[in-house]
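Structure data (compact mmCIF, C-alpha atoms and all ligand atoms) from data_31.txt:
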# COMPACT_ATOMS: atom_id res chain seq x y z
CA MET A 8 -29.46 31.00 -8.66
CA LYS A 9 -31.91 33.55 -7.27
CA LYS A 10 -34.23 32.36 -4.52
CA CYS A 11 -37.93 33.09 -4.28
CA ASP A 12 -38.50 35.99 -1.86
CA LEU A 13 -41.50 34.22 -0.36
CA CYS A 14 -40.81 30.49 -0.09
CA GLY A 15 -37.04 30.34 -0.71
CA LEU A 16 -37.12 27.91 -3.62
CA ASP A 17 -34.90 28.45 -6.65
CA VAL A 18 -36.41 30.83 -9.21
CA GLU A 19 -36.31 28.92 -12.49
CA VAL A 20 -38.69 31.08 -14.52
CA ASP A 21 -38.27 34.82 -15.02
CA GLY A 22 -41.26 37.11 -14.99
CA PHE A 23 -42.74 36.72 -11.53
CA GLN A 24 -41.42 39.91 -9.98
CA LEU A 25 -42.65 43.00 -8.18
CA GLU A 26 -41.20 46.45 -7.71
CA THR A 27 -41.44 47.33 -4.02
CA THR A 28 -40.15 50.04 -1.70
CA GLU A 29 -37.49 47.48 -0.66
CA GLY A 30 -36.36 46.81 -4.22
CA THR A 31 -37.29 44.25 -6.84
CA LYS A 32 -38.67 41.01 -5.41
CA LEU A 33 -38.48 37.78 -7.40
CA PHE A 34 -40.80 34.81 -6.99
CA CYS A 35 -40.84 31.23 -8.22
CA CYS A 36 -44.44 31.25 -9.34
CA GLU A 37 -47.65 33.25 -9.66
CA GLY A 38 -48.88 31.84 -6.34
CA CYS A 39 -45.95 33.20 -4.34
CA LEU A 40 -46.24 36.56 -6.08
CA SER A 41 -49.94 36.76 -5.20
CA VAL A 42 -49.37 35.85 -1.55
CA TYR A 43 -46.57 38.40 -1.23
CA ARG A 44 -48.78 41.05 -2.78
CA LEU A 45 -51.56 40.26 -0.27
CA LEU A 46 -49.23 40.39 2.71
CA ASN A 47 -47.23 43.44 1.63
CA GLY A 48 -49.68 45.59 -0.28
CA ASP A 49 -48.33 48.74 1.34
CA LYS A 50 -44.85 48.15 -0.12
CA ILE A 51 -45.86 47.54 -3.71
CA LYS A 52 -45.16 50.28 -6.20
CA ASP A 53 -47.52 50.75 -9.07
ZN ZN A 101 -41.98 30.69 -4.12
Would you mind writing the file's structure down as structure tokens?
Amino acid sequence: MKKCDLCGLDVEVDGFQLETTEGTKLFCCEGCLSVYRLLNGDKIKD
């Protein structure tokens, strides 16, 4: 199973993902996605 790119927990729900300059990042929840976005704003594609 895919692991969350922030906290390392199993990703059980699809949909929390971001396209970045390093590829697609998957997260376990909205919280992890938000924290990653805050910490890596320069890598996010939109
Ligand atoms: Zn997580």
(request) Could you give me the residues within 10 Å of ligand ZN 101 (chain A), counting all atoms listed in the file, as a list of chain:residue names? (result)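 Residues lying within 10 Å of ligand ZN 101 (chain A): A:Lys10, A:Cys11, A:Asp12, A:Leu13, A:Cys14, A:Gly15, A:Leu16, A:Asp17, A:Val18, A:Phe23, A:Leu33, A:Phe34, A:Cys35, A:Cys36, A:Glu37, A:Gly38, A:Cys39, A:Leu40, A:Val42, A:Tyr43.
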Same residues, C-alpha atoms, output as a tab-separated table (two decimals), in the frame of the given file:
chain	number	residue	atom	x	y	z
A	10	LYS	CA	-34.23	32.36	-4.52
A	11	CYS	CA	-37.93	33.09	-4.28
A	12	ASP	CA	-38.50	35.99	-1.86
A	13	LEU	CA	-41.50	34.22	-0.36
A	14	CYS	CA	-40.81	30.49	-0.09
A	15	GLY	CA	-37.04	30.34	-0.71
A	16	LEU	CA	-37.12	27.91	-3.62
A	17	ASP	CA	-34.90	28.45	-6.65
A	18	VAL	CA	-36.41	30.83	-9.21
A	23	PHE	CA	-42.74	36.72	-11.53
A	33	LEU	CA	-38.48	37.78	-7.40
A	34	PHE	CA	-40.80	34.81	-6.99
A	35	CYS	CA	-40.84	31.23	-8.22
A	36	CYS	CA	-44.44	31.25	-9.34
A	37	GLU	CA	-47.65	33.25	-9.66
A	38	GLY	CA	-48.88	31.84	-6.34
A	39	CYS	CA	-45.95	33.20	-4.34
A	40	LEU	CA	-46.24	36.56	-6.08
A	42	VAL	CA	-49.37	35.85	-1.55
A	43	TYR	CA	-46.57	38.40	-1.23
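Here CA of Asp49 in chain A stands at a distance of 11.7 Å from CA of Glu26 in chain A.
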(request) Please indicate the distance in Å from CA of Thr28 in chain A to CA of Lys50 in chain A, rounded to one decimal place. (result)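 If I compute the distance from CA of Thr28 in chain A to CA of Lys50 in chain A, I get 5.3 Å.
For the pair CA of Lys52 in chain A and CA of Thr31 in chain A, the separation is 9.9 Å.
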(request) Compare A:Ser41, A:Asp53, A:Lys32, A:Asn47 by their minimum atom-to-atom distance to Lys9 in chain A, counting all atoms listed in the file, and give me the closest one. (result)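 Ranked by minimum distance to Lys9 in chain A, first place goes to A:Lys32.
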